[in-house]
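**Student:** Attaching a single structure in C-alpha cells format; questions to follow.
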Amino acid sequence: MGSDYWASSAIQSLVRAGVVNGYPDGTFRPEQSVSRAEFAKMIVTALDLSFVLVEYPSFPDVPGNHWALTYVETALANDLMKGYPDGLFQPSGKITLAEILTVIVRAKDWALVEPPDPPPQLLVWEADGSVRPLTSSDWFYRTVGAAMAGGLLSFPEDSHLAAPGPGSDEHSIHFQEPASRAQTAFLLDRMMR
C-alpha cells in the first residue's frame with residue numbers, strides 16, 4: 001500500500017493513534033474485511049473508553065477466554081454495539097458498512113434523521129448484484145441520514161465508499177456487505193476529527 005492509496009492518510013493516522021495495526025509480515029491488507037470483534041477493539045480504542053470488566057460474559061460466543069471479551073463488553077456497556085436476536089455477538093462475523101455507520105452514529109450521539117432529498121440518490125447494492133434506492137424500509141435508513149447530516153458521509157466526495165449509479169448523481173453503496181479495513185479506517189479517522 002503506497003502513500004497514494006486513497007485511505008493511506010487515515011490508515012497512518014489510526015496506526016499512530018494505536019487504533020489499528022498491520023500484520024506481522026508488515027502489510028496492512030486494506031481490502032480485507034473486518035470482524036465484529038476486531039471492530040469492537042477499534043471503536044473502544046478510538047474513543048479511549050475505560051474497560052468494562054465482567055464476571056459473567058454477556059454472550060456465549062464471547063467467553064471469558066476470548067481475546068476480545070473486554071472490548072466487546074466495553075462496546076456493549078457504552079451502547080455502541082449489540083448482539084443479535086439469537087443472543088450471540090458473532091465475533092468472527094464480518095462487520096458491514098451499515099453496522100459501522102450505526103456504531104459511529106451512536107458514538108457521536110447524533111439524532112437519527114431521514115437522508116436529504118436527492119440529490120444525491122443513494123442506491124443499495126443487493127446480494128444478487130442488483131441495485132435499488134435506499135428507502136425508509138431499510139433498517140439503516142435513518143442512520144445514513146444521521147451520518148450524512150453529521151458529515152461522516154459526503155457524496156460525491158466519498159467515491160471510495162460508493163460506486164457510480166446508473167444515473168447522474170446516483171451512488172451505489174454496499175451497505176450490507178462486509179466493510180474493508182481501508183473503509184473502516186477512513187470512517188474511524190473521520191469520526192475522530
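The chains in the C-alpha cells are called A, B, ... from first to last as shown; in each chain the residues are counted from 1, and the ligands are counted from 1 in the order shown.
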Give me every helix (DSSP H, G or I) residue in stretch 33-183 of chain A, going by DSSP on the backbone, as an NGL selection string.

**Tutor:** :A and (36-46 or 69-77 or 97-108 or 141-149 or 181-183)

**Student:** Compile the contact shell of A:Thr102 as JSON, numbers by chain: residues with an atom at most 8 Å away, counting only C-alpha atoms, same-chain residues fewer than 4 positions apart removed.

**Tutor:** {"A": [98, 106, 140, 143]}

**Student:** With a distance cut-off of 10 Å and only C-alpha atoms, select the neighbouring residues of A:Leu88, excluding the residue or stretch itself and same-chain residues fewer than 5 positions from it, and output the selection as a PyMOL selection string.

**Tutor:** chain A and resi 58-62+82-83

**Student:** Can you write just those residues out, N, CA and C atoms, as a PDB file, in the first residue's frame?

**Tutor:**
```
ATOM      1  N   SER A  58     -21.457 -11.560  28.549  1.00  0.00           N
ATOM      2  CA  SER A  58     -22.812 -11.298  28.066  1.00  0.00           C
ATOM      3  C   SER A  58     -23.225 -12.211  26.918  1.00  0.00           C
ATOM      4  N   PHE A  59     -22.239 -12.753  26.201  1.00  0.00           N
ATOM      5  CA  PHE A  59     -22.536 -13.563  25.024  1.00  0.00           C
ATOM      6  C   PHE A  59     -21.845 -14.922  25.124  1.00  0.00           C
ATOM      7  N   PRO A  60     -22.569 -16.011  24.845  1.00  0.00           N
ATOM      8  CA  PRO A  60     -21.938 -17.332  24.925  1.00  0.00           C
ATOM      9  C   PRO A  60     -20.836 -17.545  23.891  1.00  0.00           C
ATOM     10  N   ASP A  61     -20.867 -16.773  22.790  1.00  0.00           N
ATOM     11  CA  ASP A  61     -19.823 -16.944  21.776  1.00  0.00           C
ATOM     12  C   ASP A  61     -18.639 -15.987  21.992  1.00  0.00           C
ATOM     13  N   VAL A  62     -18.654 -15.232  23.098  1.00  0.00           N
ATOM     14  CA  VAL A  62     -17.509 -14.422  23.511  1.00  0.00           C
ATOM     15  C   VAL A  62     -17.227 -14.789  24.970  1.00  0.00           C
ATOM     16  N   LYS A  82     -24.213  -4.151  19.821  1.00  0.00           N
ATOM     17  CA  LYS A  82     -25.177  -5.042  20.468  1.00  0.00           C
ATOM     18  C   LYS A  82     -25.041  -6.434  19.878  1.00  0.00           C
ATOM     19  N   GLY A  83     -25.702  -7.375  20.514  1.00  0.00           N
ATOM     20  CA  GLY A  83     -25.754  -8.724  19.985  1.00  0.00           C
ATOM     21  C   GLY A  83     -26.923  -8.857  19.021  1.00  0.00           C
TER      22      GLY A  83
END
```

**Student:** Write out as a PDB file with C-alpha atoms, in the first residue's frame the residues lying within 12 Å of A:Phe186, counting only C-alpha atoms and excluding same-chain residues fewer than 4 positions away.

**Tutor:**
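Contents of the output file around_39.pdb:
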```pdb
ATOM      1  CA  TYR A   5      -3.615   4.801  -1.790  1.00  0.00           C
ATOM      2  CA  TRP A   6      -6.954   6.560  -1.155  1.00  0.00           C
ATOM      3  CA  ALA A   7      -7.092   5.700   2.575  1.00  0.00           C
ATOM      4  CA  SER A   8      -3.356   5.940   3.293  1.00  0.00           C
ATOM      5  CA  SER A   9      -3.627   9.113   5.371  1.00  0.00           C
ATOM      6  CA  ALA A  10      -6.472   7.731   7.504  1.00  0.00           C
ATOM      7  CA  ILE A  11      -4.692   4.401   7.993  1.00  0.00           C
ATOM      8  CA  GLN A  12      -1.439   6.088   9.025  1.00  0.00           C
ATOM      9  CA  SER A  13      -3.319   8.367  11.429  1.00  0.00           C
ATOM     10  CA  LEU A  14      -5.018   5.405  13.105  1.00  0.00           C
ATOM     11  CA  VAL A  15      -1.785   3.402  13.258  1.00  0.00           C
ATOM     12  CA  VAL A  19      -6.345   2.146  16.848  1.00  0.00           C
ATOM     13  CA  VAL A  20      -5.299  -0.244  14.064  1.00  0.00           C
ATOM     14  CA  PRO A  30      -6.591  -2.676   3.234  1.00  0.00           C
ATOM     15  CA  LEU A  97     -20.711  -0.730   6.358  1.00  0.00           C
ATOM     16  CA  ILE A 100     -20.083   0.636  11.249  1.00  0.00           C
ATOM     17  CA  LEU A 101     -22.177   3.709  10.468  1.00  0.00           C
ATOM     18  CA  LEU A 152     -19.498  11.243   8.183  1.00  0.00           C
ATOM     19  CA  LEU A 153     -20.732  10.542   4.637  1.00  0.00           C
ATOM     20  CA  ASP A 158     -16.711   9.651  -0.841  1.00  0.00           C
ATOM     21  CA  HIS A 160     -14.326   5.078  -2.357  1.00  0.00           C
ATOM     22  CA  LEU A 161     -17.396   4.093  -0.328  1.00  0.00           C
ATOM     23  CA  ALA A 179     -16.573  -3.316   5.077  1.00  0.00           C
ATOM     24  CA  SER A 180     -12.895  -3.331   4.153  1.00  0.00           C
ATOM     25  CA  ARG A 181     -10.127  -2.397   6.567  1.00  0.00           C
ATOM     26  CA  ALA A 182      -9.499   0.723   4.468  1.00  0.00           C
ATOM     27  CA  ARG A 190     -13.273  10.922  10.107  1.00  0.00           C
ATOM     28  CA  MET A 191     -15.138  10.216  13.359  1.00  0.00           C
ATOM     29  CA  MET A 192     -12.079  11.170  15.407  1.00  0.00           C
ATOM     30  CA  ARG A 193     -11.567  14.520  13.658  1.00  0.00           C
TER      31      ARG A 193
END
```

**Student:** Give me the residues near A:Thr135 as a PyMOL selection string, where near means some atom within 10 Å (using only C-alpha atoms) and where sequence neighbours in that chain fewer than 5 positions away do not count.

**Tutor:** chain A and resi 114-115+122-124+140-142

**Student:** Could you save the residues just selected, with C-alpha atoms, as a short mmCIF file (atom, residue, chain, number, x, y, z; two decimals), in the first residue's frame?

**Tutor:**
```
data_model
loop_
_atom_site.label_atom_id
_atom_site.label_comp_id
_atom_site.auth_asym_id
_atom_site.auth_seq_id
_atom_site.Cartn_x
_atom_site.Cartn_y
_atom_site.Cartn_z
CA GLU A 114 -34.03 10.93 7.16
CA PRO A 115 -31.40 11.34 4.46
CA LEU A 122 -28.30 6.63 -2.78
CA LEU A 123 -28.70 3.12 -4.12
CA VAL A 124 -28.26 -0.10 -2.16
CA PHE A 140 -30.16 1.69 8.42
CA TYR A 141 -32.12 4.40 6.53
CA ARG A 142 -32.15 7.00 9.33
#
```

**Student:** Just checking: using only C-alpha atoms, which residue out of A:Trp139, A:Thr96, A:Gly2, A:Asp48 ends up closest to A:Arg29?

**Tutor:**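 Of A:Trp139, A:Thr96, A:Gly2, A:Asp48, the one nearest A:Arg29 is A:Gly2, counting only C-alpha atoms.
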
**Student:** Quick one: residues within 10 Å of A:Glu99, only C-alpha atoms, excluding same-chain residues fewer than 5 positions away - as a ChimeraX atom specification?

**Tutor:** /A:36,81,94,104-105,140,143,175-179

**Student:** For atom CA of A:Val34 and atom CA of A:Ala17, quote the distance in Å rounded to one decimal.

**Tutor:**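 Pair atom CA of A:Val34 / atom CA of A:Ala17 returns 18.3 Å.
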
**Student:** Rounded to one decimal, what separation in Å do you get between atom CA of A:Tyr71 and atom CA of A:Ser35?

**Tutor:**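 Taking atom CA of A:Tyr71 as the start and atom CA of A:Ser35 as the end point, the length is 12.7 Å.
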
**Student:** Could you check the closest approach to A:Gly129 for each of A:Ser159, A:Ser172, A:Asn21, A:Gln90 and tell me which residue wins, using only C-alpha atoms?

**Tutor:** A:Ser172

**Student:** So the first atom is atom CA of A:His66 and the second is atom CA of A:Lys108; what is the distance between them in Å, to one decimal place?

**Tutor:**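 Going from atom CA of A:His66 over to atom CA of A:Lys108, I get 27.8 Å.
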
**Student:** I need the strand (DSSP E) residues of stretch 11-151 of chain A per DSSP on the backbone, written as a PyMOL selection string.

**Tutor:** chain A and resi 121-125+131-133
